[in-house]
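J.: So here's structure16.cif, just mmCIF, C-alpha atoms:
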data_query
loop_
_atom_site.label_atom_id
_atom_site.label_comp_id
_atom_site.auth_asym_id
_atom_site.auth_seq_id
_atom_site.Cartn_x
_atom_site.Cartn_y
_atom_site.Cartn_z
CA LEU A 6 0.00 0.00 0.00
CA ASN A 7 2.99 2.30 0.40
CA ASN A 8 3.67 2.02 -3.31
CA TYR A 9 0.17 2.20 -4.80
CA ASP A 10 -2.86 4.45 -4.68
CA LEU A 11 -5.88 2.37 -3.63
CA ASN A 12 -7.81 3.59 -6.69
CA GLU A 13 -4.94 2.90 -9.08
CA VAL A 14 -6.00 0.60 -11.93
CA VAL A 15 -4.11 -2.63 -12.57
CA THR A 16 -4.32 -4.57 -15.83
CA ILE A 17 -4.28 -8.27 -14.96
CA SER A 18 -1.41 -9.99 -16.74
CA THR A 19 -2.01 -13.25 -18.55
CA ASP A 20 0.52 -14.99 -16.30
CA SER A 21 -1.19 -13.74 -13.13
CA ALA A 22 -4.62 -14.91 -14.28
CA LEU A 23 -3.76 -18.26 -15.86
CA ASN A 24 -0.99 -19.53 -13.58
CA ASN A 25 -2.48 -18.55 -10.22
CA ASP A 26 -5.85 -19.20 -8.61
CA GLY A 27 -8.16 -17.79 -5.98
CA GLY A 28 -9.93 -14.78 -7.42
CA GLY A 29 -11.03 -16.06 -10.81
CA LEU A 30 -9.51 -13.03 -12.53
CA TYR A 31 -9.35 -12.80 -16.33
CA PRO A 32 -6.34 -11.83 -18.47
CA LEU A 33 -6.34 -8.10 -19.29
CA GLU A 34 -9.18 -7.41 -16.85
CA GLN A 35 -8.75 -4.01 -15.21
CA VAL A 36 -9.20 -3.89 -11.44
CA LYS A 37 -8.40 -1.31 -8.77
CA VAL A 38 -5.60 -1.87 -6.29
CA LYS A 39 -8.02 -1.82 -3.34
CA ASP A 40 -10.06 -4.66 -4.82
CA LEU A 41 -7.02 -6.78 -5.59
CA SER A 42 -5.70 -6.21 -2.07
CA ALA A 43 -9.02 -7.20 -0.57
CA ALA A 44 -9.16 -10.33 -2.73
CA ALA A 45 -5.67 -11.33 -1.60
CA LEU A 46 -6.58 -10.96 2.08
CA VAL A 47 -10.18 -12.18 2.09
CA ARG A 48 -9.91 -15.08 -0.34
CA SER A 49 -6.13 -15.62 -0.34
CA ALA A 50 -6.39 -14.95 -4.07
CA ASN A 51 -2.96 -15.69 -5.53
CA ASP A 52 -3.93 -14.26 -8.92
CA ALA A 53 -4.74 -10.93 -7.26
CA ALA A 54 -1.49 -10.90 -5.28
CA TYR A 55 0.55 -11.73 -8.37
CA ALA A 56 -1.23 -9.03 -10.38
CA LEU A 57 -0.25 -6.46 -7.75
CA ALA A 58 3.34 -7.70 -7.88
CA ASP A 59 3.45 -7.64 -11.69
CA HIS A 60 2.17 -4.05 -11.60
CA PHE A 61 5.14 -2.96 -9.49
CA ASN A 62 7.83 -0.88 -11.18
CA GLY A 63 10.25 -3.60 -12.32
CA GLY A 64 7.70 -6.42 -12.16
CA HIS A 65 7.15 -9.15 -9.59
CA LEU A 66 10.86 -9.89 -9.09
CA GLU A 67 11.51 -6.31 -8.04
CA PHE A 68 8.37 -6.50 -5.89
CA VAL A 69 9.88 -9.48 -4.03
CA ASN A 70 13.10 -7.52 -3.54
CA GLU A 71 11.03 -4.76 -1.96
CA MET A 72 9.30 -7.31 0.28
CA ASN A 73 12.68 -8.48 1.55
CA ARG A 74 13.88 -4.92 2.05
CA LEU A 75 10.81 -4.07 4.12
CA ALA A 76 11.16 -7.31 6.08
CA GLY A 77 14.63 -6.22 7.13
CA GLU A 78 13.38 -2.74 7.95
CA ILE A 79 10.82 -4.03 10.46
CA ASN A 80 13.18 -6.67 11.89
CA LEU A 81 11.67 -9.83 10.45
CA ASP A 82 15.06 -11.42 10.97
CA SER A 83 14.00 -15.00 10.28
CA SER A 84 12.01 -14.33 7.12
CA ARG A 85 12.94 -14.41 3.43
CA PHE A 86 10.66 -14.18 0.43
CA ALA A 87 11.16 -15.76 -2.99
CA ASN A 88 7.77 -15.05 -4.56
CA PRO A 89 4.84 -12.68 -3.91
CA VAL A 90 2.35 -15.25 -2.62
CA GLY A 91 4.20 -17.71 -0.39
CA TYR A 92 4.51 -20.68 -2.71
CA ASP A 93 6.90 -23.35 -1.42
CA HIS A 94 10.52 -22.49 -2.16
CA PRO A 95 13.79 -23.02 -0.25
CA ASP A 96 14.18 -19.24 0.04
CA ASN A 97 10.59 -18.60 1.10
CA ILE A 98 10.62 -18.96 4.89
CA SER A 99 9.25 -17.34 8.04
CA THR A 100 8.49 -18.07 11.69
CA ALA A 101 5.52 -17.71 14.02
CA HIS A 102 7.33 -14.83 15.72
CA ASP A 103 7.88 -12.94 12.49
CA LEU A 104 4.30 -13.49 11.32
CA GLY A 105 3.11 -12.14 14.65
CA VAL A 106 5.31 -9.05 14.34
CA LEU A 107 4.17 -8.50 10.75
CA THR A 108 0.52 -8.85 11.72
CA SER A 109 0.87 -6.36 14.57
CA ARG A 110 2.32 -3.84 12.11
CA VAL A 111 -0.09 -4.23 9.20
CA PHE A 112 -3.19 -4.46 11.41
CA LYS A 113 -2.61 -0.82 12.32
CA GLU A 114 -3.41 0.07 8.70
CA GLN A 115 -7.17 0.67 8.58
CA PRO A 116 -7.84 -0.82 5.12
CA ILE A 117 -5.87 -3.98 5.92
CA ALA A 118 -7.60 -4.41 9.29
CA GLU A 119 -10.95 -4.08 7.54
CA TRP A 120 -10.12 -6.55 4.76
CA MET A 121 -8.78 -9.12 7.23
CA SER A 122 -12.11 -9.01 9.09
CA LEU A 123 -14.43 -9.50 6.09
CA LYS A 124 -16.31 -12.74 5.50
CA ASN A 125 -16.94 -11.90 1.84
CA TYR A 126 -16.08 -9.35 -0.81
CA ILE A 127 -17.18 -8.46 -4.33
CA VAL A 128 -14.43 -7.54 -6.81
CA GLU A 129 -15.56 -5.53 -9.83
CA ASP A 130 -13.63 -4.51 -12.89
CA VAL A 131 -13.39 -0.77 -13.49
CA ASN A 132 -16.32 -0.84 -15.94
CA GLY A 133 -18.59 -2.70 -13.55
CA SER A 134 -19.20 -5.35 -16.19
CA VAL A 135 -17.43 -8.23 -14.39
CA ARG A 136 -18.00 -9.28 -10.79
CA HIS A 137 -16.18 -11.83 -8.69
CA PHE A 138 -18.00 -12.98 -5.54
CA LEU A 139 -15.34 -14.02 -3.04
CA PHE A 140 -15.78 -15.69 0.33
CA SER A 141 -13.24 -15.78 3.13
CA THR A 142 -11.05 -18.84 3.52
CA ASN A 143 -11.10 -18.24 7.29
CA GLU A 144 -13.73 -20.51 8.83
CA LEU A 145 -13.51 -18.87 12.27
CA LEU A 146 -14.69 -15.41 11.21
CA GLY A 147 -18.21 -14.85 12.46
CA LYS A 148 -18.31 -18.29 14.08
CA GLU A 149 -15.74 -18.33 16.88
CA GLU A 150 -16.35 -15.81 19.66
CA GLY A 151 -13.62 -13.20 19.87
CA VAL A 152 -12.04 -13.80 16.46
CA ILE A 153 -12.16 -10.40 14.77
CA ALA A 154 -9.74 -10.88 11.87
CA GLY A 155 -7.24 -13.25 10.34
CA LYS A 156 -5.38 -14.60 7.34
CA THR A 157 -5.03 -18.18 6.14
CA GLY A 158 -2.30 -19.86 4.12
CA THR A 159 -1.78 -23.39 2.86
CA THR A 160 1.00 -25.09 0.90
CA PRO A 161 2.20 -28.71 0.79
CA MET A 162 5.34 -27.91 2.81
CA ALA A 163 3.92 -25.31 5.20
CA LYS A 164 0.67 -27.26 5.65
CA GLU A 165 -2.13 -25.24 7.25
CA VAL A 166 -1.24 -21.76 8.51
CA LEU A 167 -3.51 -19.28 10.25
CA VAL A 168 -2.91 -15.90 11.85
CA SER A 169 -5.80 -14.69 14.01
CA ILE A 170 -6.52 -11.47 15.87
CA VAL A 171 -8.64 -12.36 18.86
CA ASP A 172 -10.39 -10.09 21.36
CA ILE A 173 -10.71 -11.67 24.81
CA LYS A 174 -12.06 -9.57 27.70
CA ASP A 175 -11.17 -6.34 25.88
CA HIS A 176 -7.57 -7.40 25.21
CA GLN A 177 -6.35 -8.31 21.76
CA TYR A 178 -4.08 -11.28 21.06
CA ILE A 179 -2.34 -12.43 17.91
CA ILE A 180 -2.40 -16.20 17.54
CA VAL A 181 -0.16 -17.82 14.92
CA ILE A 182 -0.65 -21.44 13.88
CA MET A 183 1.86 -23.06 11.50
CA SER A 184 2.44 -26.52 10.03
CA SER A 185 -0.96 -27.65 11.30
CA GLU A 186 -3.23 -30.52 10.36
CA ASP A 187 -6.24 -28.56 11.67
CA ARG A 188 -5.51 -24.86 12.12
CA TYR A 189 -9.02 -24.03 13.30
CA GLU A 190 -9.10 -26.55 16.13
CA ASP A 191 -5.55 -25.57 17.14
CA THR A 192 -6.61 -21.92 17.27
CA LYS A 193 -9.68 -22.76 19.35
CA LEU A 194 -7.50 -24.64 21.83
CA LEU A 195 -5.20 -21.64 22.26
CA ILE A 196 -8.16 -19.26 22.64
CA GLN A 197 -9.55 -21.45 25.41
CA TRP A 198 -6.12 -21.68 27.06
CA ILE A 199 -5.89 -17.87 27.12
CA LYS A 200 -9.36 -17.61 28.63
CA ASP A 201 -8.49 -20.16 31.32
CA ASN A 202 -4.98 -19.01 32.19
CA VAL A 203 -4.38 -15.34 31.39
CA THR A 204 -5.51 -12.61 33.78
CA TRP A 205 -4.93 -8.88 33.37
CA ARG A 206 -4.67 -6.77 36.50
CA LYS A 207 -4.42 -3.03 36.86
CA VAL A 208 -1.48 -2.07 39.05
CA GLU A 209 -1.20 1.45 40.37
CA PHE A 210 2.14 2.83 41.48
CA PRO A 211 2.35 5.76 43.91
CA LEU A 212 3.61 9.01 42.45
CA GLN A 213 7.15 9.63 43.60
CA ILE A 214 9.50 12.61 43.49
CA ASN A 215 13.15 11.99 44.33
CA GLY A 216 12.25 8.55 45.61
CA LYS A 217 9.62 9.84 48.09
CA SER A 218 5.95 8.93 47.81
CA LEU A 219 3.47 11.78 47.67
#
Translate the structure of the given file into structure tokens.

T.:
Amino acid sequence: LNNYDLNEVVTISTDSALNNDGGGLYPLEQVKVKDLSAAALVRSANDAAYALADHFNGGHLEFVNEMNRLAGEINLDSSRFANPVGYDHPDNISTAHDLGVLTSRVFKEQPIAEWMSLKNYIVEDVNGSVRHFLFSTNELLGKEEGVIAGKTGTTPMAKEVLVSIVDIKDHQYIIVIMSSEDRYEDTKLLIQWIKDNVTWRKVEFPLQINGKSL
């Protein structure tokens, strides 16, 4: 989002549309950046994510270079990216810690927070002649109490991945599940553990001047 205007128009490349799935986009279809971003976060639409990367100055390879530069900038020290969408690759790696840090950063961006919380989204081309009805890949949204947003991911090597933002007793938690056989049940178990074991207490310290309480 730092590099694009949300209303900027992207022409979907043939490669993005035909070699990636998720959003059902068509070659040469013209779609706004905000709609492609929403598709990538709501539906995990790889075609939308690749289209955004192809639109970058220098193409998707330069886009990946920028991803790695930004990862270093925000101290994702155990992460490297080899493609724009997280396909399995020896140089495409991350950790639960880094995904948590990344989520805490991007969730402060209002559009991203909104997209991550949506259960569905309609992508239209700029002429309004083509519509793509997309539904969230996150089965916990709207069903599990406290889950307010999240992002899924699945590959053969990474297995099931899920990052969730959960509100429990007015405190927000980021839960990261990786290499799972059932990311939703694993997330539910951690939510219940937090409810059963974590207590927040307000501690007041006396005002002091020069070490003396007032």

J.: Selected by the PyMOL selection byres ((chain A and resi 107) around 12) in the shown coordinates: which residues, as a ChimeraX atom specification?

T.: /A:72,75-84,99-106,108-114,156,168,179,181

J.: Please measure the separation of atom CA of A:Leu33 and atom CA of A:Ser18, giving the value in Å to one decimal.

T.: 5.9 Å

J.: Return the single residue from A:Val171, A:Met121, A:Thr160, A:Lys207 that is closest to A:Ser185, with distances computed using all atoms listed in the file.

T.: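 Answer, going by the shortest atom-to-atom distance: A:Thr160.
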
J.: Just want the 10 Å neighbourhood of A:Leu123, counted on only C-alpha atoms, with same-chain residues fewer than 5 positions away dropped. Output as a PyMOL selection string.

T.: chain A and resi 43+46-48+118+140-141+143+146-147+153-155

J.: For a quick check of understanding, using only C-alpha atoms, which of A:Asn88, A:Asn62, A:Ser49, A:Ser21 has the smallest distance to A:Asn125?

T.: A:Ser49

J.: Find the residue from A:Ile17, A:Met162, A:Asn25, A:Leu167 that sits nearest to A:Leu145; use only C-alpha atoms when measuring.

T.: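 Ranking A:Ile17, A:Met162, A:Asn25, A:Leu167 by distance to A:Leu145, first place goes to A:Leu167.
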